[in-house]
>>> print(open('run.cif').read())   # mmCIF, C-alpha atoms
data_protein
loop_
_atom_site.label_atom_id
_atom_site.label_comp_id
_atom_site.auth_asym_id
_atom_site.auth_seq_id
_atom_site.Cartn_x
_atom_site.Cartn_y
_atom_site.Cartn_z
CA MET N 1 7.53 -21.79 -28.62
CA SER N 2 6.16 -21.94 -25.06
CA VAL N 3 6.28 -19.08 -22.61
CA SER N 4 8.84 -21.00 -20.55
CA ASP N 5 11.07 -21.25 -23.64
CA SER N 6 11.01 -17.52 -24.38
CA VAL N 7 10.81 -15.92 -20.92
CA ARG N 8 12.60 -16.84 -17.74
CA VAL N 9 10.28 -16.21 -14.80
CA LYS N 10 11.96 -16.01 -11.42
CA THR N 11 10.23 -17.11 -8.24
CA ILE N 12 11.73 -15.97 -4.95
CA ALA N 13 11.44 -18.40 -2.06
CA TYR N 14 10.43 -17.08 1.35
CA GLU N 15 9.45 -18.52 4.70
CA PRO N 16 5.87 -17.84 5.84
CA PHE N 17 5.59 -15.61 8.87
CA PRO N 18 5.91 -17.78 11.99
CA GLN N 19 2.98 -18.04 14.38
CA ILE N 20 4.87 -15.93 16.93
CA GLU N 21 4.67 -13.01 14.45
CA TYR N 22 0.86 -13.14 14.52
CA GLN N 23 0.77 -13.72 18.26
CA ASN N 24 2.90 -10.62 18.76
CA ARG N 25 0.43 -8.63 16.65
CA VAL N 26 -2.49 -9.87 18.75
CA ASP N 27 -0.58 -9.12 21.96
CA ARG N 28 0.14 -5.57 20.81
CA ALA N 29 -3.52 -5.16 19.85
CA ARG N 30 -4.61 -6.33 23.29
CA GLN N 31 -2.26 -3.85 24.96
CA LEU N 32 -3.96 -1.06 23.03
CA MET N 33 -7.39 -2.56 23.78
CA ARG N 34 -6.66 -2.31 27.49
CA GLN N 35 -5.35 1.24 27.07
CA PHE N 36 -8.52 2.37 25.30
CA ALA N 37 -10.98 0.13 27.22
CA PHE N 38 -12.08 -2.15 24.37
CA ASP N 39 -13.49 -5.57 25.25
CA ALA N 40 -12.93 -7.00 21.76
CA LEU N 41 -11.97 -6.24 18.18
CA LEU N 42 -14.00 -7.25 15.14
CA VAL N 43 -11.69 -7.53 12.11
CA THR N 44 -13.46 -7.51 8.74
CA SER N 45 -11.29 -5.88 6.05
CA GLU N 46 -9.00 -7.70 3.66
CA HIS N 47 -5.77 -6.09 4.80
CA ASN N 48 -6.45 -6.39 8.52
CA LEU N 49 -7.40 -10.04 8.06
CA ARG N 50 -4.09 -10.61 6.33
CA TYR N 51 -2.33 -8.77 9.13
CA PHE N 52 -3.77 -10.84 11.97
CA VAL N 53 -4.50 -14.19 10.30
CA GLY N 54 -1.96 -14.60 7.53
CA GLU N 55 -4.90 -15.17 5.17
CA ILE N 56 -3.28 -16.74 2.09
CA SER N 57 -6.30 -16.89 -0.19
CA THR N 58 -5.89 -14.60 -3.19
CA THR N 59 -9.47 -13.34 -2.89
CA PRO N 60 -10.27 -12.77 0.80
CA HIS N 61 -12.38 -9.67 0.21
CA GLN N 62 -15.56 -10.79 -1.49
CA THR N 63 -19.16 -9.65 -1.77
CA THR N 64 -20.21 -13.20 -0.93
CA ARG N 65 -18.66 -15.41 1.76
CA PRO N 66 -17.27 -12.58 3.92
CA ARG N 67 -14.83 -13.43 6.69
CA PHE N 68 -14.52 -12.02 10.19
CA LEU N 69 -12.12 -12.32 13.09
CA LEU N 70 -13.07 -11.72 16.73
CA ILE N 71 -10.20 -10.81 19.05
CA PRO N 72 -11.47 -10.72 22.64
CA SER N 73 -9.43 -8.99 25.31
CA SER N 74 -8.43 -12.44 26.57
CA GLY N 75 -8.93 -16.04 25.49
CA ASP N 76 -9.03 -17.60 22.04
CA VAL N 77 -9.15 -15.58 18.85
CA VAL N 78 -12.16 -16.75 16.85
CA GLY N 79 -12.70 -16.97 13.12
CA ILE N 80 -16.30 -16.30 12.03
CA ILE N 81 -16.32 -17.67 8.50
CA PRO N 82 -18.42 -19.60 5.96
CA MET N 83 -18.59 -23.39 6.15
CA GLY N 84 -15.68 -24.94 4.30
CA MET N 85 -13.46 -21.96 5.03
CA ASP N 86 -12.99 -23.28 8.56
CA GLU N 87 -11.07 -26.27 7.22
CA PHE N 88 -9.01 -23.95 5.04
CA TYR N 89 -8.22 -21.76 8.05
CA LYS N 90 -7.29 -24.72 10.23
CA GLU N 91 -4.96 -26.11 7.57
CA THR N 92 -3.28 -22.88 6.46
CA THR N 93 -3.44 -20.40 9.38
CA TRP N 94 -2.98 -20.35 13.13
CA ILE N 95 -6.74 -19.86 13.73
CA LYS N 96 -8.29 -23.12 15.00
CA ASN N 97 -11.48 -21.92 16.74
CA CYS N 98 -14.29 -21.00 14.31
CA PHE N 99 -17.98 -20.15 14.17
CA THR N 100 -19.48 -20.98 10.75
CA TRP N 101 -22.59 -20.60 8.60
CA PRO N 102 -23.71 -22.09 5.25
CA SER N 103 -22.81 -19.70 2.44
CA PRO N 104 -23.61 -18.02 0.10
CA ASN N 105 -26.75 -16.82 1.84
CA PRO N 106 -27.51 -13.22 0.84
CA LYS N 107 -30.37 -12.89 3.33
CA ASP N 108 -28.16 -13.89 6.27
CA GLU N 109 -24.51 -13.75 5.19
CA GLY N 110 -23.01 -14.35 8.60
CA VAL N 111 -25.26 -11.90 10.44
CA SER N 112 -26.86 -14.44 12.78
CA THR N 113 -23.50 -16.12 13.37
CA LEU N 114 -21.85 -12.82 14.29
CA ILE N 115 -24.69 -12.02 16.69
CA LYS N 116 -24.41 -15.43 18.34
CA ALA N 117 -20.63 -15.07 18.74
CA PHE N 118 -20.97 -11.66 20.39
CA VAL N 119 -23.75 -12.82 22.72
CA ASP N 120 -21.98 -16.05 23.67
CA LEU N 121 -18.44 -14.67 24.07
CA LEU N 122 -18.66 -11.03 25.16
CA PRO N 123 -20.02 -9.19 28.20
CA GLU N 124 -23.46 -7.64 27.88
CA ARG N 125 -22.07 -4.10 27.76
CA ALA N 126 -19.00 -4.88 25.71
CA LYS N 127 -17.24 -2.18 23.69
CA ILE N 128 -16.27 -3.72 20.35
CA GLY N 129 -13.68 -1.93 18.22
CA THR N 130 -13.92 -2.18 14.45
CA GLU N 131 -12.95 -0.41 11.23
CA LEU N 132 -15.04 2.75 11.14
CA GLY N 133 -12.45 5.53 10.86
CA ALA N 134 -10.16 7.24 8.38
CA GLU N 135 -8.94 5.17 5.43
CA SER N 136 -10.73 2.03 6.67
CA ARG N 137 -13.51 -0.10 5.19
CA LEU N 138 -15.86 -2.71 6.61
CA GLY N 139 -15.73 -6.06 4.86
CA MET N 140 -19.50 -6.46 5.00
CA PRO N 141 -22.57 -4.61 3.65
CA ALA N 142 -23.53 -1.55 5.67
CA GLY N 143 -27.05 -2.94 6.07
CA ASP N 144 -25.74 -6.16 7.64
CA PHE N 145 -23.54 -4.15 10.00
CA LEU N 146 -26.55 -2.10 11.11
CA ARG N 147 -28.56 -5.29 11.72
CA VAL N 148 -25.80 -6.69 13.91
CA THR N 149 -25.44 -3.35 15.72
CA GLU N 150 -29.12 -3.35 16.63
CA ALA N 151 -29.28 -7.01 17.64
CA ILE N 152 -26.35 -7.02 20.09
CA LYS N 153 -27.41 -4.00 22.19
CA PRO N 154 -26.42 -2.91 24.81
CA ARG N 155 -23.06 -4.03 23.34
CA VAL N 156 -21.73 -1.25 21.10
CA PHE N 157 -19.33 -0.82 18.20
CA ILE N 158 -16.68 1.90 18.49
CA ASP N 159 -14.13 3.01 15.91
CA ALA N 160 -10.75 1.38 16.53
CA SER N 161 -8.94 2.69 13.46
CA ASP N 162 -7.02 5.55 15.09
CA ALA N 163 -6.58 3.77 18.42
CA ILE N 164 -5.54 0.30 17.28
CA PHE N 165 -5.48 -0.70 13.59
CA THR N 166 -3.51 2.25 12.20
CA PRO N 167 -0.79 2.45 14.88
CA LEU N 168 -0.37 -1.33 14.84
CA ARG N 169 0.21 -1.57 11.11
CA MET N 170 2.24 1.64 10.98
CA ILE N 171 5.28 -0.02 12.61
CA LYS N 172 6.51 -2.88 10.43
CA SER N 173 8.27 -5.92 11.83
CA PRO N 174 11.65 -6.99 10.38
CA ALA N 175 9.82 -9.72 8.44
CA GLU N 176 7.41 -7.20 6.92
CA ILE N 177 10.25 -4.84 6.02
CA GLY N 178 11.95 -7.79 4.34
CA ARG N 179 8.91 -8.32 2.10
CA ILE N 180 8.80 -4.64 1.15
CA ARG N 181 12.56 -4.56 0.56
CA THR N 182 12.23 -7.54 -1.76
CA VAL N 183 9.44 -6.12 -3.90
CA CYS N 184 11.09 -2.69 -4.08
CA GLY N 185 14.29 -4.39 -5.20
CA ILE N 186 12.45 -6.35 -7.89
CA VAL N 187 10.78 -3.23 -9.28
CA SER N 188 14.02 -1.23 -9.04
CA GLU N 189 15.78 -3.83 -11.21
CA ALA N 190 12.92 -3.75 -13.70
CA PHE N 191 13.10 0.05 -13.94
CA ASP N 192 16.89 0.03 -14.25
CA ASN N 193 16.75 -2.45 -17.13
CA LEU N 194 13.78 -0.90 -18.91
CA PRO N 195 15.53 1.74 -21.08
CA ALA N 196 17.18 -0.98 -23.18
CA ARG N 197 13.72 -2.41 -23.95
CA LEU N 198 12.00 0.84 -24.94
CA ARG N 199 12.05 2.54 -28.33
CA VAL N 200 10.57 5.51 -30.09
CA GLY N 201 7.38 4.50 -31.93
CA MET N 202 5.96 2.09 -29.33
CA THR N 203 2.76 2.91 -27.48
CA GLU N 204 2.23 3.64 -23.79
CA ARG N 205 0.53 0.25 -23.47
CA GLU N 206 3.45 -1.55 -25.05
CA ALA N 207 5.92 0.19 -22.74
CA CYS N 208 3.85 -0.72 -19.68
CA ARG N 209 3.42 -4.35 -20.75
CA ILE N 210 7.17 -4.67 -21.29
CA PHE N 211 7.73 -3.20 -17.84
CA GLU N 212 5.24 -5.63 -16.27
CA LEU N 213 7.07 -8.52 -17.93
CA GLU N 214 10.33 -7.20 -16.49
CA CYS N 215 8.74 -7.20 -13.01
CA PHE N 216 7.29 -10.72 -13.36
CA SER N 217 10.54 -12.11 -14.72
CA ARG N 218 12.36 -10.84 -11.63
CA GLY N 219 9.92 -12.28 -9.09
CA ALA N 220 6.98 -9.90 -8.65
CA GLU N 221 3.81 -11.87 -7.91
CA LYS N 222 1.22 -9.30 -9.03
CA THR N 223 1.28 -5.94 -10.81
CA PRO N 224 -2.07 -4.39 -9.80
CA LYS N 225 -1.09 -0.74 -10.29
CA ILE N 226 0.95 0.02 -13.39
CA GLN N 227 0.16 3.57 -14.47
CA GLY N 228 1.69 5.08 -17.56
CA VAL N 229 1.06 8.58 -18.88
CA SER N 230 3.05 10.67 -21.34
CA GLY N 231 3.04 13.95 -23.19
CA ARG N 232 5.16 16.26 -25.29
CA GLY N 233 7.16 18.37 -22.88
CA GLY N 234 5.75 16.48 -19.87
CA TYR N 235 2.56 14.98 -18.51
CA THR N 236 -0.43 16.64 -16.86
CA ARG N 237 -1.56 14.04 -14.31
CA PRO N 238 -0.01 11.14 -12.39
CA TYR N 239 -2.99 8.82 -12.84
CA GLY N 240 -4.31 6.94 -15.82
CA VAL N 241 -4.53 3.70 -17.70
CA PRO N 242 -1.87 3.54 -20.43
CA SER N 243 -3.29 4.23 -23.88
CA ASP N 244 -2.41 3.45 -27.49
CA LYS N 245 -0.73 6.84 -27.80
CA VAL N 246 2.51 6.46 -29.80
CA LEU N 247 5.64 7.66 -27.97
CA SER N 248 7.61 10.03 -30.19
CA GLY N 249 10.39 12.61 -29.98
CA GLY N 250 9.83 15.18 -27.24
CA ASP N 251 7.59 12.91 -25.14
CA LEU N 252 8.18 12.21 -21.46
CA LEU N 253 6.85 8.88 -20.17
CA PHE N 254 5.93 8.61 -16.48
CA LEU N 255 5.59 5.07 -15.06
CA ASP N 256 4.20 4.54 -11.55
CA ALA N 257 4.55 0.97 -10.31
CA GLY N 258 2.58 -0.75 -7.56
CA CYS N 259 3.64 -4.41 -7.43
CA LEU N 260 3.18 -7.16 -4.84
CA PHE N 261 5.38 -9.74 -3.18
CA ASP N 262 3.58 -11.94 -0.63
CA PHE N 263 0.83 -9.27 -0.62
CA TYR N 264 3.23 -6.45 0.38
CA TRP N 265 3.42 -3.43 -1.91
CA SER N 266 5.96 -1.39 -3.77
CA ASP N 267 4.97 2.07 -4.98
CA PHE N 268 7.37 4.41 -6.79
CA ASP N 269 7.87 5.95 -10.20
CA ARG N 270 10.43 6.64 -12.92
CA HIS N 271 10.65 8.85 -16.03
CA PHE N 272 11.88 8.16 -19.56
CA ALA N 273 12.51 10.79 -22.25
CA PHE N 274 11.90 9.84 -25.87
CA GLY N 275 14.56 11.88 -27.60
CA THR N 276 16.51 14.65 -25.85
CA PRO N 277 14.30 16.19 -23.15
CA ASP N 278 13.53 19.90 -23.43
CA PRO N 279 15.13 22.37 -20.97
CA HIS N 280 11.97 22.95 -18.91
CA THR N 281 11.45 19.21 -18.37
CA GLN N 282 15.12 18.74 -17.47
CA ASP N 283 14.98 21.58 -14.95
CA ALA N 284 11.74 20.29 -13.37
CA TYR N 285 13.20 16.79 -13.12
CA GLN N 286 16.31 18.18 -11.42
CA ILE N 287 14.49 20.32 -8.85
CA VAL N 288 12.16 17.47 -7.85
CA TRP N 289 15.13 15.06 -7.68
CA GLU N 290 16.79 17.49 -5.27
CA ALA N 291 13.58 17.82 -3.25
CA THR N 292 13.49 14.04 -2.96
CA GLU N 293 17.07 14.10 -1.66
CA ALA N 294 16.06 16.66 0.94
CA GLY N 295 13.05 14.57 1.96
CA ILE N 296 15.14 11.43 2.39
CA ALA N 297 17.76 13.33 4.40
CA ALA N 298 15.05 14.75 6.68
CA VAL N 299 13.80 11.31 7.76
CA GLN N 300 14.87 10.77 11.37
CA PRO N 301 13.24 8.89 14.26
CA GLY N 302 11.58 11.18 16.78
CA ILE N 303 10.60 13.99 14.39
CA PRO N 304 7.06 14.76 13.20
CA ILE N 305 6.44 13.63 9.63
CA CYS N 306 5.50 17.20 8.65
CA GLU N 307 9.21 18.09 8.83
CA ILE N 308 9.78 15.92 5.74
CA TRP N 309 7.18 18.08 3.97
CA THR N 310 8.98 21.24 5.09
CA ALA N 311 12.37 20.00 3.83
CA MET N 312 10.96 19.22 0.38
CA SER N 313 8.81 22.34 0.24
CA ASN N 314 11.86 24.52 0.90
CA VAL N 315 13.55 23.13 -2.21
CA LEU N 316 10.45 23.38 -4.38
CA ASN N 317 9.84 26.98 -3.29
CA SER N 318 13.39 28.09 -4.09
CA PRO N 319 14.03 30.61 -6.90
CA ARG N 320 15.61 27.84 -8.99
CA ASN N 321 12.16 26.29 -9.57
CA ARG N 322 10.54 27.93 -12.60
CA GLY N 323 7.29 26.29 -11.51
CA LYS N 324 5.66 25.84 -8.11
CA PRO N 325 4.78 23.00 -5.70
CA THR N 326 1.62 21.15 -6.65
CA THR N 327 -1.65 21.15 -4.78
CA ILE N 328 -1.93 17.33 -4.76
CA GLY N 329 -2.33 17.58 -0.99
CA ARG N 330 0.60 15.58 0.29
CA MET N 331 4.14 14.68 -0.67
CA GLY N 332 4.25 11.07 0.44
CA HIS N 333 2.67 8.43 2.64
CA SER N 334 3.32 5.00 4.12
CA MET N 335 2.54 1.56 2.67
CA GLY N 336 2.62 -2.12 3.54
CA LEU N 337 -0.28 -4.53 3.05
CA TRP N 338 -2.08 -1.66 1.35
CA MET N 339 -0.96 1.22 -0.79
CA PRO N 340 -1.10 3.87 0.54
CA GLU N 341 -1.32 3.70 4.30
CA LEU N 342 -1.23 6.39 6.97
CA PRO N 343 0.54 8.59 7.93
CA SER N 344 0.74 11.15 5.13
CA VAL N 345 3.58 13.57 4.44
CA GLN N 346 1.51 16.72 4.96
CA PRO N 347 2.18 20.04 6.68
CA ASP N 348 -0.43 19.36 9.37
CA ASP N 349 0.42 15.70 10.10
CA LYS N 350 2.29 15.56 13.41
CA THR N 351 2.81 11.77 13.51
CA ILE N 352 6.17 11.05 15.13
CA LEU N 353 8.50 8.90 13.04
CA LYS N 354 9.60 5.66 14.67
CA PRO N 355 11.96 2.89 13.54
CA GLY N 356 10.10 0.37 11.41
CA MET N 357 7.89 2.91 9.63
CA ILE N 358 7.84 2.87 5.83
CA ILE N 359 7.80 6.31 4.19
CA ASN N 360 7.21 6.99 0.50
CA VAL N 361 8.98 10.30 -0.17
CA GLU N 362 7.01 11.89 -3.04
CA PRO N 363 7.56 15.57 -3.92
CA SER N 364 6.01 17.15 -7.01
CA THR N 365 5.96 20.40 -8.90
CA THR N 366 4.09 21.97 -11.79
CA TYR N 367 6.01 23.80 -14.50
CA PRO N 368 5.28 25.50 -17.85
CA SER N 369 5.70 23.45 -21.00
CA TYR N 370 8.70 24.44 -23.09
CA PHE N 371 6.56 24.17 -26.20
CA ASP N 372 3.36 26.04 -25.37
CA SER N 373 3.60 27.09 -21.68
CA SER N 374 0.73 24.79 -20.71
CA PRO N 375 1.03 23.40 -17.16
CA LYS N 376 2.93 20.13 -16.76
CA LEU N 377 3.56 17.95 -13.71
CA MET N 378 6.71 16.31 -12.33
CA VAL N 379 6.48 13.70 -9.55
CA HIS N 380 9.31 11.67 -8.02
CA GLU N 381 8.93 8.88 -5.45
CA GLU N 382 11.31 6.74 -3.42
CA VAL N 383 10.67 4.32 -0.54
CA VAL N 384 12.60 4.36 2.74
CA VAL N 385 12.35 2.62 6.08
CA VAL N 386 12.93 4.63 9.24
CA THR N 387 15.83 3.25 11.28
CA GLU N 388 17.54 4.41 14.48
CA ALA N 389 20.10 6.17 12.24
CA GLY N 390 17.65 7.78 9.81
CA ALA N 391 16.35 6.73 6.39
CA GLN N 392 17.39 3.51 4.69
CA LEU N 393 16.56 3.49 1.00
CA LEU N 394 14.60 0.43 -0.17
CA THR N 395 14.49 1.50 -3.84
CA SER N 396 17.46 2.03 -6.11
CA ARG N 397 17.71 5.82 -6.40
CA ALA N 398 16.34 7.37 -9.59
CA PRO N 399 19.12 8.59 -11.91
CA ARG N 400 20.04 12.24 -11.53
CA THR N 401 19.22 12.90 -15.18
CA ILE N 402 16.34 11.52 -17.21
CA PRO N 403 17.13 8.29 -19.11
CA VAL N 404 16.87 9.01 -22.85
CA ILE N 405 15.27 6.58 -25.30
CA THR N 406 16.54 6.97 -28.88
#
>>> encode(input="run.cif", output="structure tokens")
Amino acid sequence: MSVSDSVRVKTIAYEPFPQIEYQNRVDRARQLMRQFAFDALLVTSEHNLRYFVGEISTTPHQTTRPRFLLIPSSGDVVGIIPMGMDEFYKETTWIKNCFTWPSPNPKDEGVSTLIKAFVDLLPERAKIGTELGAESRLGMPAGDFLRVTEAIKPRVFIDASDAIFTPLRMIKSPAEIGRIRTVCGIVSEAFDNLPARLRVGMTEREACRIFELECFSRGAEKTPKIQGVSGRGGYTRPYGVPSDKVLSGGDLLFLDAGCLFDFYWSDFDRHFAFGTPDPHTQDAYQIVWEATEAGIAAVQPGIPICEIWTAMSNVLNSPRNRGKPTTIGRMGHSMGLWMPELPSVQPDDKTILKPGMIINVEPSTTYPSYFDSSPKLMVHEEVVVVTEAGAQLLTSRAPRTIPVIT
């Protein structure tokens, strides 16, 4: 029997982003460039290339054949890419003007070409913004970047993460929100249908593979982050590759799902009890569910994101919680082309919420095991988009009580 005979795999049609979407992104970048006195932006990282170019290759971030984009304050946007990639760009993206070099060439992987582009296209004392700040990465070796930095003096590189890249990507367009809504809907359906597929006696790996198949069959394109951990009376950490541990009575299975649709992420979790859950686990689940409700209700445009933290913290610090809030460091974040993205739901993050922002509401608590009083962890996560009216849920809400597998 072929795979197509035994499994129905759904593909969801979508229109590529129109060129005006990318032009709007460049225009917004140039507005910020003028505000902060940048003469150009050098874009090197996988997710920023996708953001500005619509890069459709499945492997844009490579140790060989790196790719760069130069956005001057005016004039043509220029691709600086290996030979052969220029034809790919011209056929599949809106970028038509390219500088190229023969690749792979480890001794000069685009370095001379970058230098020539800067010298030919930018003023002698140009300020070039690039990805040097918080939660950013250069898509080139540090040594190559230093060689370019030295060769183009008195032109200088300046961090543009806080000034340009982060605020740009923080506000999603309706088309981007549509992608995230789609993938969150796919994963929500997979979670909602999973209890009927699980059984006592299977392993963590089996449960996670079944869940991945549920996601693929509903239209997910990739499942790069499927984390599954379990334990009797609860789990101790939210991270980990699923193991061959057999799921038996008294176990709680935590599944955290990061899936992709057109390179946009989902990220949220669900819990499954194998046999009737113990009272401590039930109570922890309930208090964190209520904290999630408070976090969602707190989402309003115009407030600092730290107020979401406060709303959830107030629930977790109530006398009804036999445990205490965790020290994970935050209770949520944003996401889009990467997971996670800034801002974070932290007590000291004053980022003002605006319509179009994606917020992952993610409270957590520790609590004592019913069986031996050892510390256990409970994490919930939902995804919302900020609207003019408040939070709009993009995930199907977790059930108020833990689904039981018998």
>>> resolve_selection(input="run.cif", expression="the PyMOL selection byres ((chain N and resi 322) around 12)", output="mmCIF file with C-alpha atoms, in the frame of the given file")
data_model
loop_
_atom_site.group_PDB
_atom_site.id
_atom_site.type_symbol
_atom_site.label_atom_id
_atom_site.label_comp_id
_atom_site.auth_asym_id
_atom_site.auth_seq_id
_atom_site.Cartn_x
_atom_site.Cartn_y
_atom_site.Cartn_z
ATOM 1 C CA PRO N 279 15.130 22.370 -20.970
ATOM 2 C CA HIS N 280 11.970 22.950 -18.910
ATOM 3 C CA THR N 281 11.450 19.210 -18.370
ATOM 4 C CA GLN N 282 15.120 18.740 -17.470
ATOM 5 C CA ASP N 283 14.980 21.580 -14.950
ATOM 6 C CA ALA N 284 11.740 20.290 -13.370
ATOM 7 C CA TYR N 285 13.200 16.790 -13.120
ATOM 8 C CA GLN N 286 16.310 18.180 -11.420
ATOM 9 C CA ILE N 287 14.490 20.320 -8.850
ATOM 10 C CA VAL N 288 12.160 17.470 -7.850
ATOM 11 C CA VAL N 315 13.550 23.130 -2.210
ATOM 12 C CA LEU N 316 10.450 23.380 -4.380
ATOM 13 C CA ASN N 317 9.840 26.980 -3.290
ATOM 14 C CA SER N 318 13.390 28.090 -4.090
ATOM 15 C CA PRO N 319 14.030 30.610 -6.900
ATOM 16 C CA ARG N 320 15.610 27.840 -8.990
ATOM 17 C CA ASN N 321 12.160 26.290 -9.570
ATOM 18 C CA GLY N 323 7.290 26.290 -11.510
ATOM 19 C CA LYS N 324 5.660 25.840 -8.110
ATOM 20 C CA PRO N 325 4.780 23.000 -5.700
ATOM 21 C CA THR N 365 5.960 20.400 -8.900
ATOM 22 C CA THR N 366 4.090 21.970 -11.790
ATOM 23 C CA TYR N 367 6.010 23.800 -14.500
ATOM 24 C CA PRO N 368 5.280 25.500 -17.850
ATOM 25 C CA SER N 369 5.700 23.450 -21.000
ATOM 26 C CA TYR N 370 8.700 24.440 -23.090
ATOM 27 C CA SER N 373 3.600 27.090 -21.680
ATOM 28 C CA PRO N 375 1.030 23.400 -17.160
ATOM 29 C CA LYS N 376 2.930 20.130 -16.760
#
>>> residues_around(input="run.cif", residues="stretch 289-296 of chain N", least_positions_apart="5", cutoff="9 Å", atoms="all atoms listed in the file", output="PDB file with C-alpha atoms, in the frame of the given file")
ATOM      1  CA  ALA N 284      11.740  20.290 -13.370  1.00  0.00           C
ATOM      2  CA  GLU N 307       9.210  18.090   8.830  1.00  0.00           C
ATOM      3  CA  ILE N 308       9.780  15.920   5.740  1.00  0.00           C
ATOM      4  CA  TRP N 309       7.180  18.080   3.970  1.00  0.00           C
ATOM      5  CA  THR N 310       8.980  21.240   5.090  1.00  0.00           C
ATOM      6  CA  ALA N 311      12.370  20.000   3.830  1.00  0.00           C
ATOM      7  CA  MET N 312      10.960  19.220   0.380  1.00  0.00           C
ATOM      8  CA  SER N 313       8.810  22.340   0.240  1.00  0.00           C
ATOM      9  CA  ASN N 314      11.860  24.520   0.900  1.00  0.00           C
ATOM     10  CA  VAL N 315      13.550  23.130  -2.210  1.00  0.00           C
ATOM     11  CA  LEU N 316      10.450  23.380  -4.380  1.00  0.00           C
ATOM     12  CA  VAL N 361       8.980  10.300  -0.170  1.00  0.00           C
ATOM     13  CA  GLU N 362       7.010  11.890  -3.040  1.00  0.00           C
ATOM     14  CA  PRO N 363       7.560  15.570  -3.920  1.00  0.00           C
ATOM     15  CA  SER N 364       6.010  17.150  -7.010  1.00  0.00           C
ATOM     16  CA  VAL N 379       6.480  13.700  -9.550  1.00  0.00           C
ATOM     17  CA  HIS N 380       9.310  11.670  -8.020  1.00  0.00           C
ATOM     18  CA  GLU N 381       8.930   8.880  -5.450  1.00  0.00           C
ATOM     19  CA  GLU N 382      11.310   6.740  -3.420  1.00  0.00           C
ATOM     20  CA  VAL N 383      10.670   4.320  -0.540  1.00  0.00           C
ATOM     21  CA  VAL N 384      12.600   4.360   2.740  1.00  0.00           C
ATOM     22  CA  GLY N 390      17.650   7.780   9.810  1.00  0.00           C
ATOM     23  CA  ALA N 391      16.350   6.730   6.390  1.00  0.00           C
ATOM     24  CA  GLN N 392      17.390   3.510   4.690  1.00  0.00           C
ATOM     25  CA  LEU N 393      16.560   3.490   1.000  1.00  0.00           C
ATOM     26  CA  ALA N 398      16.340   7.370  -9.590  1.00  0.00           C
ATOM     27  CA  PRO N 399      19.120   8.590 -11.910  1.00  0.00           C
ATOM     28  CA  ARG N 400      20.040  12.240 -11.530  1.00  0.00           C
ATOM     29  CA  THR N 401      19.220  12.900 -15.180  1.00  0.00           C
TER      30      THR N 401
END
>>> resolve_selection(input="run.cif", expression="the PyMOL selection byres ((chain N and resi 304) around 8)", output="PyMOL selection string")
chain N and resi 302-303+305-307+349-353
>>> resolve_selection(input="run.cif", expression="the PyMOL selection byres ((chain N and resi 232-245) around 9)", output="ChimeraX atom specification")
/N:202-208,226-231,246-256,277-278,280-281,366,368-372,375-379
>>> residues_around(input="run.cif", residues="N:Glu21", least_positions_apart="6", cutoff="12 Å", atoms="all atoms listed in the file", output="ChimeraX atom specification")
/N:27-28,51-54,94,172-176
>>> atom_distance(input="run.cif", atom1="atom CA of N:Leu198", atom2="atom CA of N:Thr406")
8.6 Å
>>> closest_atom_pairs(input="run.cif", of="stretch 130-199 of chain N", to="stretch 38-45 of chain N", cutoff="9 Å", atoms="only C-alpha atoms", output="JSON lines")
{"residue": "N:Thr130", "atom": "CA", "partner": "N:Leu42", "partner_atom": "CA", "distance": 5.1}
{"residue": "N:Glu131", "atom": "CA", "partner": "N:Val43", "partner_atom": "CA", "distance": 7.3}
{"residue": "N:Ser136", "atom": "CA", "partner": "N:Ser45", "partner_atom": "CA", "distance": 8.0}
{"residue": "N:Arg137", "atom": "CA", "partner": "N:Ser45", "partner_atom": "CA", "distance": 6.3}
{"residue": "N:Leu138", "atom": "CA", "partner": "N:Ser45", "partner_atom": "CA", "distance": 5.6}
{"residue": "N:Gly139", "atom": "CA", "partner": "N:Ser45", "partner_atom": "CA", "distance": 4.6}
{"residue": "N:Met140", "atom": "CA", "partner": "N:Thr44", "partner_atom": "CA", "distance": 7.2}
{"residue": "N:Phe157", "atom": "CA", "partner": "N:Leu42", "partner_atom": "CA", "distance": 8.9}
{"residue": "N:Ile158", "atom": "CA", "partner": "N:Phe38", "partner_atom": "CA", "distance": 8.5}
{"residue": "N:Ala160", "atom": "CA", "partner": "N:Leu41", "partner_atom": "CA", "distance": 7.9}
>>> write_last_selection(input="run.cif", atoms="C-alpha atoms", output="mmCIF file, in the coordinates of the input")
data_model
loop_
_atom_site.group_PDB
_atom_site.id
_atom_site.type_symbol
_atom_site.label_atom_id
_atom_site.label_comp_id
_atom_site.auth_asym_id
_atom_site.auth_seq_id
_atom_site.Cartn_x
_atom_site.Cartn_y
_atom_site.Cartn_z
ATOM 1 C CA THR N 130 -13.920 -2.180 14.450
ATOM 2 C CA GLU N 131 -12.950 -0.410 11.230
ATOM 3 C CA SER N 136 -10.730 2.030 6.670
ATOM 4 C CA ARG N 137 -13.510 -0.100 5.190
ATOM 5 C CA LEU N 138 -15.860 -2.710 6.610
ATOM 6 C CA GLY N 139 -15.730 -6.060 4.860
ATOM 7 C CA MET N 140 -19.500 -6.460 5.000
ATOM 8 C CA PHE N 157 -19.330 -0.820 18.200
ATOM 9 C CA ILE N 158 -16.680 1.900 18.490
ATOM 10 C CA ALA N 160 -10.750 1.380 16.530
#
>>> axis_aligned_box(input="run.cif", around="stretch 191-199 of chain N", padding_each_side="8 Å", output="JSON")
{"center_x": 14.6, "center_y": 0.0, "center_z": -21.1, "size_x": 21.2, "size_y": 21.0, "size_z": 30.4}
>>> closest_residue(input="run.cif", among="N:Asp267, N:Ile405, N:Pro355, N:Val386", to="N:Gly332", atoms="all atoms listed in the file")
N:Asp267
